[in-house]
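Reproduced below: run-v3.csv, with CSV, C-alpha atoms.
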```csv
chain,number,residue,atom,x,y,z
A,1,MET,CA,153.5,-76.0,75.5
A,2,ASN,CA,157.0,-76.6,76.6
A,3,MET,CA,156.1,-77.0,80.3
A,4,ASP,CA,154.6,-79.5,82.7
A,5,PHE,CA,151.6,-78.6,84.8
A,6,VAL,CA,152.6,-80.1,88.1
A,7,ARG,CA,149.4,-79.5,90.1
A,8,LYS,CA,146.6,-77.0,90.5
A,9,LEU,CA,147.3,-74.8,93.5
A,10,PRO,CA,144.5,-73.8,96.0
A,11,ILE,CA,143.0,-70.4,95.4
A,12,PRO,CA,143.8,-67.6,97.9
A,13,GLN,CA,140.3,-67.8,99.5
A,14,ASP,CA,141.0,-71.5,100.4
A,15,ILE,CA,144.4,-70.8,101.9
A,16,LYS,CA,143.0,-67.9,103.9
A,17,ALA,CA,140.3,-70.1,105.2
A,18,GLN,CA,142.7,-72.8,106.2
A,19,PHE,CA,145.1,-70.3,107.8
A,20,PRO,CA,143.0,-67.4,109.1
A,21,ILE,CA,144.1,-64.3,111.0
A,22,PRO,CA,142.8,-64.2,114.6
A,23,GLU,CA,140.1,-61.6,115.0
A,24,GLU,CA,142.0,-59.6,117.6
A,25,VAL,CA,144.9,-59.3,115.2
A,26,LYS,CA,142.8,-57.9,112.4
A,27,LYS,CA,142.0,-54.9,114.7
A,28,VAL,CA,145.7,-54.4,115.4
A,29,LYS,CA,146.5,-54.4,111.7
A,30,ALA,CA,143.7,-52.0,110.9
A,31,GLU,CA,145.1,-49.5,113.4
A,32,ARG,CA,148.6,-50.0,112.0
A,33,ASP,CA,147.3,-49.5,108.5
A,34,ALA,CA,145.7,-46.2,109.5
A,35,GLU,CA,148.9,-45.0,111.1
A,36,ILE,CA,150.9,-45.8,108.0
A,37,ALA,CA,148.4,-44.2,105.7
A,38,ASP,CA,148.5,-41.0,107.7
A,39,VAL,CA,152.2,-40.6,107.0
A,40,PHE,CA,151.5,-40.7,103.2
A,41,THR,CA,148.5,-38.3,103.4
A,42,GLY,CA,150.4,-35.8,105.5
A,43,LYS,CA,148.2,-36.2,108.6
A,44,SER,CA,151.3,-37.6,110.5
A,45,ASP,CA,154.8,-36.4,110.5
A,46,LYS,CA,156.2,-39.7,111.6
A,47,PHE,CA,159.0,-41.4,109.6
A,48,LEU,CA,158.7,-44.8,108.1
A,49,LEU,CA,161.4,-47.5,108.2
A,50,ILE,CA,160.8,-50.5,106.0
A,51,ILE,CA,163.6,-52.6,107.3
A,52,GLY,CA,164.6,-56.3,107.2
A,53,PRO,CA,166.4,-59.0,105.3
A,54,CYS,CA,167.0,-58.9,101.5
A,55,SER,CA,165.0,-62.1,101.4
A,56,ALA,CA,163.1,-64.0,104.1
A,57,ASP,CA,164.9,-67.4,104.0
A,58,ARG,CA,163.8,-69.2,107.2
A,59,GLU,CA,161.1,-68.7,109.7
A,60,ASP,CA,163.0,-68.9,112.9
A,61,SER,CA,165.6,-66.2,112.2
A,62,VAL,CA,163.2,-63.9,110.5
A,63,LEU,CA,160.8,-64.0,113.5
A,64,ASP,CA,163.7,-63.5,115.9
A,65,TYR,CA,164.7,-60.4,113.9
A,66,VAL,CA,161.1,-59.0,113.8
A,67,ASN,CA,160.7,-59.5,117.5
A,68,ARG,CA,163.9,-57.5,118.0
A,69,LEU,CA,162.4,-54.8,115.9
A,70,ALA,CA,159.3,-54.7,118.0
A,71,LYS,CA,161.3,-53.9,121.1
A,72,VAL,CA,163.0,-51.0,119.3
A,73,GLN,CA,159.7,-49.8,118.0
A,74,ASP,CA,158.4,-49.2,121.5
A,75,LYS,CA,161.4,-46.9,122.1
A,76,VAL,CA,161.0,-44.8,119.0
A,77,LYS,CA,157.2,-44.9,118.5
A,78,ASP,CA,156.8,-41.1,118.9
A,79,LYS,CA,158.9,-40.5,115.8
A,80,ILE,CA,159.1,-43.7,113.7
A,81,ILE,CA,156.8,-46.4,112.4
A,82,ILE,CA,158.7,-49.6,111.7
A,83,ILE,CA,157.4,-51.9,108.9
A,84,PRO,CA,159.3,-55.2,109.0
A,85,ARG,CA,160.5,-56.1,105.5
A,86,ILE,CA,159.6,-59.8,105.0
A,87,TYR,CA,160.3,-60.4,101.4
A,88,THR,CA,159.2,-63.9,100.4
A,89,ASN,CA,159.6,-63.5,96.6
A,90,LYS,CA,163.1,-62.8,95.2
A,91,PRO,CA,163.5,-61.4,91.7
A,92,ARG,CA,166.6,-62.7,89.9
A,93,THR,CA,168.4,-60.8,87.2
A,94,THR,CA,169.1,-64.0,85.2
A,95,GLY,CA,166.3,-66.1,86.6
A,96,GLN,CA,168.8,-68.3,88.3
A,97,GLY,CA,169.3,-68.8,92.1
A,98,TYR,CA,167.1,-68.7,95.2
A,99,LYS,CA,163.8,-67.2,94.3
A,100,GLY,CA,162.4,-66.8,97.8
A,101,MET,CA,160.4,-68.8,100.3
A,102,VAL,CA,157.3,-69.0,98.1
A,103,HIS,CA,159.4,-71.2,95.8
A,104,GLN,CA,161.6,-72.9,98.4
A,105,PRO,CA,160.3,-72.8,102.0
A,106,ASP,CA,163.6,-74.5,102.8
A,107,PRO,CA,166.4,-73.1,100.7
A,108,THR,CA,168.4,-76.3,101.1
A,109,LYS,CA,165.7,-78.4,99.5
A,110,SER,CA,163.9,-78.5,96.1
A,111,GLU,CA,161.1,-76.1,95.1
A,112,ASP,CA,157.6,-76.8,96.4
A,113,MET,CA,155.2,-73.9,95.7
A,114,LEU,CA,152.3,-75.3,97.6
A,115,GLU,CA,154.4,-75.6,100.8
A,116,GLY,CA,155.8,-72.2,99.9
A,117,LEU,CA,152.4,-70.5,99.8
A,118,ILE,CA,151.5,-72.0,103.2
A,119,ALA,CA,155.0,-71.1,104.6
A,120,ILE,CA,154.8,-67.4,103.7
A,121,ARG,CA,151.3,-67.1,105.0
A,122,LYS,CA,152.3,-68.7,108.3
A,123,LEU,CA,155.4,-66.5,108.6
A,124,HIS,CA,153.6,-63.2,107.9
A,125,THR,CA,150.7,-64.2,110.3
A,126,ARG,CA,153.2,-65.1,113.1
A,127,ALA,CA,155.1,-61.9,112.7
A,128,LEU,CA,151.9,-59.8,112.9
A,129,THR,CA,150.5,-61.9,115.8
A,130,GLU,CA,153.6,-62.0,117.9
A,131,THR,CA,154.8,-58.4,117.5
A,132,GLY,CA,151.8,-56.3,116.4
A,133,LEU,CA,154.0,-55.0,113.5
A,134,ALA,CA,152.3,-55.4,110.1
A,135,CYS,CA,154.8,-56.1,107.4
A,136,ALA,CA,155.9,-55.4,103.9
A,137,ASP,CA,156.5,-57.8,101.0
A,138,GLU,CA,157.4,-57.3,97.3
A,139,MET,CA,154.6,-57.9,94.7
A,140,LEU,CA,156.8,-59.9,92.4
A,141,TYR,CA,153.8,-61.9,91.1
A,142,PRO,CA,150.6,-59.8,91.0
A,143,GLU,CA,148.4,-62.9,90.9
A,144,ASN,CA,149.9,-64.1,94.2
A,145,HIS,CA,149.1,-61.0,96.2
A,146,ARG,CA,145.8,-62.2,97.4
A,147,TYR,CA,147.4,-65.0,99.3
A,148,LEU,CA,148.7,-62.3,101.7
A,149,SER,CA,146.3,-59.4,101.0
A,150,ASP,CA,144.7,-59.5,104.4
A,151,ILE,CA,148.1,-59.5,106.2
A,152,LEU,CA,150.3,-57.0,104.5
A,153,SER,CA,150.5,-53.3,105.3
A,154,TYR,CA,152.9,-52.3,102.6
A,155,VAL,CA,153.8,-53.5,99.1
A,156,ALA,CA,156.8,-52.7,96.9
A,157,VAL,CA,156.9,-53.1,93.1
A,158,GLY,CA,160.5,-53.7,92.0
A,159,ALA,CA,162.7,-52.0,89.5
A,160,ARG,CA,162.2,-54.8,87.0
A,161,SER,CA,158.4,-54.9,87.4
A,162,VAL,CA,157.5,-51.2,87.5
A,163,GLU,CA,156.9,-51.0,83.8
A,164,ASN,CA,154.7,-54.0,83.8
A,165,GLN,CA,151.0,-53.3,83.1
A,166,GLN,CA,149.7,-56.1,85.4
A,167,HIS,CA,151.7,-54.8,88.4
A,168,ARG,CA,150.4,-51.3,87.8
A,169,LEU,CA,146.7,-52.3,87.5
A,170,THR,CA,146.9,-54.7,90.4
A,171,ALA,CA,148.4,-51.9,92.5
A,172,SER,CA,145.4,-49.7,91.5
A,173,GLY,CA,143.1,-52.1,93.3
A,174,LEU,CA,145.0,-52.2,96.6
A,175,MET,CA,144.1,-50.3,99.8
A,176,ILE,CA,147.5,-50.1,101.3
A,177,PRO,CA,150.6,-48.1,100.3
A,178,VAL,CA,152.4,-49.4,97.2
A,179,GLY,CA,155.9,-48.2,96.5
A,180,MET,CA,156.9,-48.0,92.8
A,181,LYS,CA,160.7,-48.2,92.4
A,182,ASN,CA,162.5,-46.4,89.7
A,183,PRO,CA,163.5,-48.8,86.9
A,184,THR,CA,167.0,-50.1,86.6
A,185,SER,CA,167.6,-47.5,83.9
A,186,GLY,CA,166.9,-44.8,86.5
A,187,ASP,CA,164.2,-43.0,84.4
A,188,TYR,CA,162.0,-41.1,86.8
A,189,SER,CA,159.3,-40.7,84.2
A,190,VAL,CA,158.7,-44.5,84.1
A,191,MET,CA,158.3,-44.5,87.8
A,192,LEU,CA,155.9,-41.5,87.8
A,193,ASN,CA,153.9,-43.0,85.0
A,194,SER,CA,153.5,-46.1,87.0
A,195,ILE,CA,152.2,-44.0,89.9
A,196,ILE,CA,149.7,-42.3,87.6
A,197,ALA,CA,148.5,-45.7,86.4
A,198,ALA,CA,148.1,-47.1,89.9
A,199,GLN,CA,146.3,-44.0,91.2
A,200,SER,CA,143.7,-44.4,88.4
A,201,GLN,CA,140.7,-46.6,87.9
A,202,HIS,CA,140.9,-49.6,85.6
A,203,THR,CA,139.0,-52.6,84.2
A,204,PHE,CA,141.3,-55.5,83.6
A,205,LEU,CA,141.7,-59.3,83.8
A,206,TYR,CA,142.8,-60.6,87.2
A,207,ARG,CA,142.9,-64.3,88.3
A,208,GLY,CA,140.3,-65.2,85.6
A,209,TRP,CA,138.0,-62.4,86.6
A,210,GLU,CA,137.0,-59.1,84.9
A,211,ALA,CA,138.1,-56.8,87.7
A,212,ARG,CA,137.5,-53.1,88.3
A,213,SER,CA,139.8,-51.1,90.4
A,214,LYS,CA,139.1,-47.8,92.1
A,215,GLY,CA,142.6,-46.4,92.1
A,216,ASN,CA,145.1,-46.3,95.0
A,217,PRO,CA,146.0,-42.8,96.2
A,218,LEU,CA,148.7,-44.2,98.5
A,219,THR,CA,150.9,-45.2,95.6
A,220,HIS,CA,154.2,-43.5,95.7
A,221,ALA,CA,157.9,-43.4,94.6
A,222,ILE,CA,160.9,-45.4,95.7
A,223,LEU,CA,164.4,-44.3,94.7
A,224,ARG,CA,166.8,-47.2,94.6
A,225,GLY,CA,169.6,-46.0,92.3
A,226,TYR,CA,170.2,-47.2,88.8
A,227,VAL,CA,172.6,-48.9,86.4
A,228,ASP,CA,174.0,-47.4,83.3
A,229,LYS,CA,174.6,-49.0,79.9
A,230,HIS,CA,178.0,-50.2,81.0
A,231,GLY,CA,176.6,-52.0,84.1
A,232,ASN,CA,177.9,-49.4,86.6
A,233,SER,CA,175.7,-48.5,89.6
A,234,HIS,CA,174.8,-44.8,90.2
A,235,PRO,CA,172.9,-43.3,93.2
A,236,ASN,CA,169.8,-41.1,93.1
A,237,TYR,CA,169.5,-40.1,96.7
A,238,HIS,CA,171.6,-36.9,96.6
A,239,TYR,CA,170.1,-33.5,97.2
A,240,GLU,CA,170.0,-32.6,93.5
A,241,ASP,CA,168.2,-35.9,92.8
A,242,LEU,CA,165.5,-35.2,95.4
A,243,VAL,CA,164.9,-31.7,94.1
A,244,ARG,CA,164.6,-33.0,90.6
A,245,LEU,CA,162.1,-35.6,91.8
A,246,TYR,CA,160.1,-33.0,93.7
A,247,ASP,CA,159.8,-30.8,90.6
A,248,MET,CA,158.8,-33.7,88.3
A,249,TYR,CA,156.4,-35.1,90.8
A,250,SER,CA,154.7,-31.7,91.3
A,251,ALA,CA,154.2,-31.2,87.6
A,252,LYS,CA,152.2,-34.5,87.5
A,253,ASN,CA,149.7,-33.2,90.0
A,254,LEU,CA,149.5,-36.5,91.7
A,255,GLU,CA,147.9,-37.3,95.1
A,256,ASN,CA,150.0,-37.6,98.2
A,257,MET,CA,153.4,-36.9,96.8
A,258,ALA,CA,155.9,-39.2,98.6
A,259,VAL,CA,159.1,-41.0,98.2
A,260,ILE,CA,160.9,-43.7,100.2
A,261,ILE,CA,164.7,-43.9,99.8
A,262,ASP,CA,166.0,-47.4,99.3
A,263,ALA,CA,169.5,-47.1,101.0
A,264,ASN,CA,170.8,-50.3,99.4
A,265,HIS,CA,170.8,-51.8,95.9
A,266,ALA,CA,172.3,-49.4,93.3
A,267,ASN,CA,172.2,-46.5,95.7
A,268,SER,CA,174.9,-48.2,97.8
A,269,GLY,CA,176.4,-50.2,94.9
A,270,LYS,CA,175.4,-53.2,97.2
A,271,GLN,CA,178.0,-51.9,99.7
A,272,TYR,CA,175.7,-52.6,102.6
A,273,LEU,CA,177.6,-50.5,105.2
A,274,GLU,CA,177.0,-47.4,103.0
A,275,GLN,CA,173.3,-47.5,104.1
A,276,ILE,CA,174.2,-45.7,107.3
A,277,ARG,CA,175.9,-42.8,105.5
A,278,ILE,CA,173.1,-42.6,102.9
A,279,CYS,CA,170.4,-42.3,105.5
A,280,ASN,CA,172.4,-39.5,107.3
A,281,GLU,CA,172.9,-37.6,104.0
A,282,VAL,CA,169.2,-37.8,103.1
A,283,LEU,CA,168.2,-36.5,106.6
A,284,HIS,CA,170.7,-33.7,106.1
A,285,SER,CA,169.0,-32.8,102.8
A,286,CYS,CA,165.6,-32.8,104.5
A,287,ARG,CA,166.8,-30.3,107.1
A,288,HIS,CA,168.0,-27.9,104.4
A,289,ASN,CA,165.0,-28.1,102.0
A,290,SER,CA,161.4,-28.0,103.1
A,291,ASP,CA,160.3,-29.4,99.7
A,292,ILE,CA,162.5,-32.4,100.1
A,293,ARG,CA,161.3,-32.9,103.7
A,294,SER,CA,157.7,-32.8,102.6
A,295,ILE,CA,158.1,-35.7,100.2
A,296,VAL,CA,160.7,-38.0,101.9
A,297,LYS,CA,158.5,-40.2,104.1
A,298,GLY,CA,161.1,-42.9,105.1
A,299,PHE,CA,163.8,-45.3,104.3
A,300,MET,CA,164.0,-48.9,103.0
A,301,ILE,CA,167.0,-50.6,104.6
A,302,GLU,CA,168.3,-54.2,104.1
A,303,SER,CA,169.1,-55.5,107.6
A,304,TYR,CA,169.4,-58.9,109.3
A,305,ILE,CA,170.9,-60.4,112.4
A,306,GLU,CA,174.4,-60.8,111.0
A,307,ASP,CA,176.4,-58.5,108.7
A,308,GLY,CA,176.9,-59.4,105.0
A,309,CYS,CA,175.8,-62.4,103.1
A,310,GLN,CA,176.6,-66.1,102.6
A,311,LYS,CA,176.1,-69.1,100.4
A,312,VAL,CA,173.1,-71.3,101.2
A,313,GLU,CA,175.2,-74.2,102.3
A,314,GLU,CA,177.1,-72.1,104.9
A,315,GLY,CA,174.1,-72.1,107.1
A,316,THR,CA,174.9,-69.2,109.4
A,317,TYR,CA,171.9,-68.3,111.5
A,318,GLY,CA,170.4,-64.8,110.6
A,319,LYS,CA,172.8,-64.1,107.7
A,320,SER,CA,171.4,-63.2,104.2
A,321,ILE,CA,171.7,-65.8,101.4
A,322,THR,CA,171.0,-63.1,98.8
A,323,ASP,CA,172.2,-59.5,98.9
A,324,PRO,CA,174.4,-58.4,101.9
A,325,CYS,CA,172.6,-56.8,104.8
A,326,LEU,CA,173.4,-54.6,107.8
A,327,GLY,CA,173.8,-56.7,111.0
A,328,TRP,CA,171.6,-56.2,114.0
A,329,GLU,CA,173.9,-54.1,116.2
A,330,LYS,CA,174.5,-51.6,113.4
A,331,SER,CA,170.8,-51.6,112.5
A,332,GLU,CA,169.6,-50.9,116.0
A,333,LYS,CA,172.1,-48.0,116.4
A,334,LEU,CA,171.0,-46.6,113.0
A,335,ILE,CA,167.4,-46.6,114.0
A,336,TYR,CA,168.1,-44.7,117.2
A,337,ASN,CA,170.3,-42.3,115.2
A,338,ILE,CA,167.6,-41.6,112.7
A,339,ALA,CA,165.1,-41.0,115.6
A,340,ASP,CA,167.5,-38.5,117.2
A,341,GLN,CA,167.6,-36.5,113.9
A,342,LEU,CA,163.9,-36.2,113.4
```
Spit out the file's structure as C-alpha cells when you get a sec.
Amino acid sequence: MNMDFVRKLPIPQDIKAQFPIPEEVKKVKAERDAEIADVFTGKSDKFLLIIGPCSADREDSVLDYVNRLAKVQDKVKDKIIIIPRIYTNKPRTTGQGYKGMVHQPDPTKSEDMLEGLIAIRKLHTRALTETGLACADEMLYPENHRYLSDILSYVAVGARSVENQQHRLTASGLMIPVGMKNPTSGDYSVMLNSIIAAQSQHTFLYRGWEARSKGNPLTHAILRGYVDKHGNSHPNYHYEDLVRLYDMYSAKNLENMAVIIDANHANSGKQYLEQIRICNEVLHSCRHNSDIRSIVKGFMIESYIEDGCQKVEEGTYGKSITDPCLGWEKSEKLIYNIADQL
C-alpha cells in the first residue's frame, strides 16, 4: 500500500477510561439530551440554536465563546435551547488545508492525531462541565464517533458525507439527534433517503465488529443550500423551498419530521452577515404557514468571538481560520431577536 502506518491509536474505550466524564455531569447531559429530544418529537415547542465556530481551532477561545453562550442561555431558556457547535473535524473540498483539531490540536504545528483525539475529548468535556451545555460536532469520520459518543448531544452529517453508506448506518445506531444535510447538489431525495436509512435497523461492519443498529427516530434534515454545475451557490431556505420539503417529507411517512436551517454555507453564499437576514426570513415563513412551523425546529449558525475569518498565521484570538463567522456582539443580538419572535 502507498501509505505508512505511523502508530496504532488507542481504542475509544481506552481514551474514555483515561479521560472520563464526572458522574454529576452525566446527569446534566442526560437531562439536556431529553430536552433536545422533546423538540424533535414535538413534546416541546422550544427552538434549537446550534451555534458556534466553523471549526474549533483552539481550546481557550472556544471555551470563552461557550461560556458566553451559557450566560445567554439562562436569559432565553423559556424559548430556546442552545447547543454549542464545537466542530473538531473539518471537511475540505480538495483535501487540502486545516482539517480540524482532531488532526492538528495546534493549527500552527504539524499533525498529531493521538494528541488530537485527546484534545477534542478534553475540549468537549470541559465545555459540558463548565457550562452544562452539551454540544454538537460533525460526524466526518464515522469510526471516530465513539471517542465522543458519551459527551455529544447532537451530530451533523455533512453535505459531502450524506450519501455515504457508513455514515447512514452509523447514524442508525446513535441515540441522539443526527442532522442529515442536503448534498452539495441540493437533491432533497438524497437527504430524505439518508434519513430513511438512519431511521431503519441494520447489520453492518463497524470498527471491526459485526454491529446491529436499532434505528434512530431522531434523524432529521438540514437545509444548507447547494451549488449548481457552474459552481454557483443557491439557497434553499425560502418559503417555497420549505413547502416543497414539507410535501416531500410527508410523502415518505418518516418519524418526527424536522428540519434545521443552516444559515451559512451555500444558503448565504458564505456571506456570513446574511445569516441574520436568513434567520428572520425563515421565522417570517413560520409565522405564515403552520406546516412550515411544524417542521422547522431551529437554526445552525456559524458564530465566533470576532467577525469574519483569517489565515492561521494571523493569530487573532477568537477569529475563524476556516469559513467566516458572525462575531459575538451580532450573534448575541441575533439570539435575543430570535427569542423575541418566538
Legend entry - Minimum-distance residue to A:Cys279, chosen among A:His238, A:Lys26, A:His220, A:Arg146 (using all atoms listed in the file):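 Selected residue with least distance to A:Cys279: A:His238.
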Stretch 134-185 of chain A residues near stretch 6-22 of chain A within 9 Å, closest pair each, using all atoms listed in the file, as JSON lines:
```
{"residue": "A:Asn144", "atom": "CA", "partner": "A:Pro12", "partner_atom": "CA", "distance": 7.9}
{"residue": "A:His145", "atom": "CA", "partner": "A:Pro12", "partner_atom": "CA", "distance": 8.6}
{"residue": "A:Arg146", "atom": "CA", "partner": "A:Pro12", "partner_atom": "CA", "distance": 5.8}
{"residue": "A:Tyr147", "atom": "CA", "partner": "A:Pro12", "partner_atom": "CA", "distance": 4.7}
{"residue": "A:Leu148", "atom": "CA", "partner": "A:Pro12", "partner_atom": "CA", "distance": 8.2}
{"residue": "A:Asp150", "atom": "CA", "partner": "A:Ile21", "partner_atom": "CA", "distance": 8.2}
{"residue": "A:Ile151", "atom": "CA", "partner": "A:Ile21", "partner_atom": "CA", "distance": 7.9}
```
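Residues having any atom no farther than 12 Å from (174.4, -47.8, 86.7) (counting all atoms listed in the file) are Pro183, Thr184, Ser185, Gly186, Asp187, Arg224, Gly225, Tyr226, Val227, Asp228, Lys229, His230, Gly231, Asn232, Ser233, His234, Pro235, Asn236, His265, Ala266, Asn267, Ser268, Gly269 and Lys270 of chain A.
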Inset, instruction - Pick out the residues sitting within 7 Å of A:Leu169, and hand them over as a ChimeraX atom specification; count only C-alpha atoms, and ignore anything fewer than 6 positions along from it in its own chain. - result: /A:197-198,202
Inset, instruction - Find the residues near stretch 73-86 of chain A: any atom within 6 Å, counting only C-alpha atoms, skip ones fewer than 2 places away on the same chain, and give them as a ChimeraX atom specification. - result: /A:46-52,56,70-71,135-137
Inset, instruction - Go ahead and compute the interatomic distance for atom CA of A:Leu69 and atom CA of A:Ala339, in Å to one decimal. - result: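 Value for the atom CA of A:Leu69-atom CA of A:Ala339 distance: 14.1 Å.
Restricting the calculation to all atoms listed in the file, the smallest distance between A:Tyr188 and any of A:Arg126, A:His167, A:Lys252, A:Lys43 is found for A:Lys252.
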Legend entry - Atomic distance atom CA of A:Met300 - atom CA of A:Leu223, expressed in Å with one decimal: 9.5 Å
Legend entry - Expected residue set, 12 Å radius at (169.7, -39.8, 102.5), all atoms listed in the file, as an NGL selection string: :A and (223-225 or 235-242 or 259-264 or 267-268 or 274-287 or 292-293 or 296-301 or 338)
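Atom CA of A:Val178 is found 14.0 Å from atom CA of A:Tyr141.
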Inset, instruction - Check the smallest atom-to-atom distance from each of A:Trp209, A:Phe40, A:Tyr304, A:Tyr317 to A:Glu329 using all atoms listed in the file, then report the winner. - result: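 Result for the nearest residue to A:Glu329: A:Tyr304.
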Inset, instruction - Name all residues at most 9 Å from A:Arg207 (count all atoms listed in the file; drop same-chain ones fewer than 3 positions away) and give them as a list in words. - result: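 Selected residues are Glu143, Glu210 and Ala211 of chain A.
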Legend entry - For A:Ser44, the nearest of the candidates A:Ser250, A:Ser294, A:Leu334, A:Leu326, counting only C-alpha atoms: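 When distances to A:Ser44 are compared using only C-alpha atoms, the smallest one comes from A:Ser294.
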Legend entry - Given only C-alpha atoms as the counted atoms, nearest of A:Leu114, A:Ser194, A:Leu273, A:Thr170 to A:Arg212: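 Between A:Leu114, A:Ser194, A:Leu273, A:Thr170, the residue approaching A:Arg212 most closely is A:Thr170.
Among the candidates A:Val62, A:Cys54, A:Leu128, A:Met191, the residue lying nearest to A:Ser303 is A:Cys54 (atoms considered: all atoms listed in the file).
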Legend entry - Residue neighbourhood A:Glu59, 9 Å, all atoms listed in the file, exclusion window fewer than 4 positions, as a count of residues only: 7
Inset, instruction - Do a neighbour search on A:Leu218 at 12 Å with only C-alpha atoms, toss out local chain neighbours closer than 6 positions, and write the hits as an NGL selection string. - result: :A and (33-34 or 36-42 or 153-156 or 171-180 or 195-196 or 198-200 or 254-259 or 297)
Would you mind putting back N, CA, C and O atoms on stretch 100-116 of chain A, then writing it out as an mmCIF file, in the coordinates of the input?
```cif
data_model
loop_
_atom_site.group_PDB
_atom_site.id
_atom_site.type_symbol
_atom_site.label_atom_id
_atom_site.label_comp_id
_atom_site.auth_asym_id
_atom_site.auth_seq_id
_atom_site.Cartn_x
_atom_site.Cartn_y
_atom_site.Cartn_z
ATOM 1 N N GLY A 100 163.210 -67.212 96.643
ATOM 2 C CA GLY A 100 162.400 -66.800 97.800
ATOM 3 C C GLY A 100 161.626 -67.995 98.385
ATOM 4 O O GLY A 100 161.501 -69.070 97.805
ATOM 5 N N MET A 101 161.071 -67.723 99.568
ATOM 6 C CA MET A 101 160.400 -68.800 100.300
ATOM 7 C C MET A 101 159.149 -69.297 99.618
ATOM 8 O O MET A 101 158.781 -70.458 99.796
ATOM 9 N N VAL A 102 158.502 -68.475 98.794
ATOM 10 C CA VAL A 102 157.300 -69.000 98.100
ATOM 11 C C VAL A 102 157.712 -70.107 97.123
ATOM 12 O O VAL A 102 156.906 -71.002 96.848
ATOM 13 N N HIS A 103 158.933 -70.091 96.633
ATOM 14 C CA HIS A 103 159.400 -71.200 95.800
ATOM 15 C C HIS A 103 160.035 -72.304 96.616
ATOM 16 O O HIS A 103 159.773 -73.475 96.365
ATOM 17 N N GLN A 104 160.882 -71.920 97.575
ATOM 18 C CA GLN A 104 161.600 -72.900 98.400
ATOM 19 C C GLN A 104 161.424 -72.530 99.874
ATOM 20 O O GLN A 104 162.181 -71.723 100.405
ATOM 21 N N PRO A 105 160.452 -73.093 100.565
ATOM 22 C CA PRO A 105 160.300 -72.800 102.000
ATOM 23 C C PRO A 105 161.546 -73.206 102.782
ATOM 24 O O PRO A 105 161.829 -72.631 103.832
ATOM 25 N N ASP A 106 162.286 -74.177 102.276
ATOM 26 C CA ASP A 106 163.600 -74.500 102.800
ATOM 27 C C ASP A 106 164.598 -74.377 101.691
ATOM 28 O O ASP A 106 164.579 -75.137 100.726
ATOM 29 N N PRO A 107 165.494 -73.369 101.777
ATOM 30 C CA PRO A 107 166.400 -73.100 100.700
ATOM 31 C C PRO A 107 167.413 -74.226 100.387
ATOM 32 O O PRO A 107 168.069 -74.228 99.346
ATOM 33 N N THR A 108 167.507 -75.185 101.302
ATOM 34 C CA THR A 108 168.400 -76.300 101.100
ATOM 35 C C THR A 108 167.740 -77.471 100.363
ATOM 36 O O THR A 108 168.391 -78.459 100.028
ATOM 37 N N LYS A 109 166.416 -77.343 100.121
ATOM 38 C CA LYS A 109 165.700 -78.400 99.500
ATOM 39 C C LYS A 109 165.105 -77.933 98.142
ATOM 40 O O LYS A 109 165.229 -76.770 97.780
ATOM 41 N N SER A 110 164.466 -78.834 97.421
ATOM 42 C CA SER A 110 163.900 -78.500 96.100
ATOM 43 C C SER A 110 162.687 -77.623 96.219
ATOM 44 O O SER A 110 162.098 -77.474 97.294
ATOM 45 N N GLU A 111 162.280 -77.053 95.079
ATOM 46 C CA GLU A 111 161.100 -76.100 95.100
ATOM 47 C C GLU A 111 159.829 -76.898 95.350
ATOM 48 O O GLU A 111 159.633 -78.023 94.911
ATOM 49 N N ASP A 112 158.940 -76.218 96.083
ATOM 50 C CA ASP A 112 157.600 -76.800 96.400
ATOM 51 C C ASP A 112 156.706 -75.564 96.635
ATOM 52 O O ASP A 112 156.676 -75.011 97.735
ATOM 53 N N MET A 113 155.969 -75.151 95.617
ATOM 54 C CA MET A 113 155.200 -73.900 95.700
ATOM 55 C C MET A 113 153.973 -73.997 96.574
ATOM 56 O O MET A 113 153.538 -72.996 97.145
ATOM 57 N N LEU A 114 153.395 -75.187 96.721
ATOM 58 C CA LEU A 114 152.300 -75.300 97.600
ATOM 59 C C LEU A 114 152.751 -75.122 99.072
ATOM 60 O O LEU A 114 152.162 -74.342 99.835
ATOM 61 N N GLU A 115 153.818 -75.802 99.441
ATOM 62 C CA GLU A 115 154.400 -75.600 100.800
ATOM 63 C C GLU A 115 154.862 -74.173 100.947
ATOM 64 O O GLU A 115 154.795 -73.603 102.037
ATOM 65 N N GLY A 116 155.350 -73.585 99.846
ATOM 66 C CA GLY A 116 155.800 -72.200 99.900
ATOM 67 C C GLY A 116 154.699 -71.233 100.211
ATOM 68 O O GLY A 116 154.855 -70.331 101.043
#
```
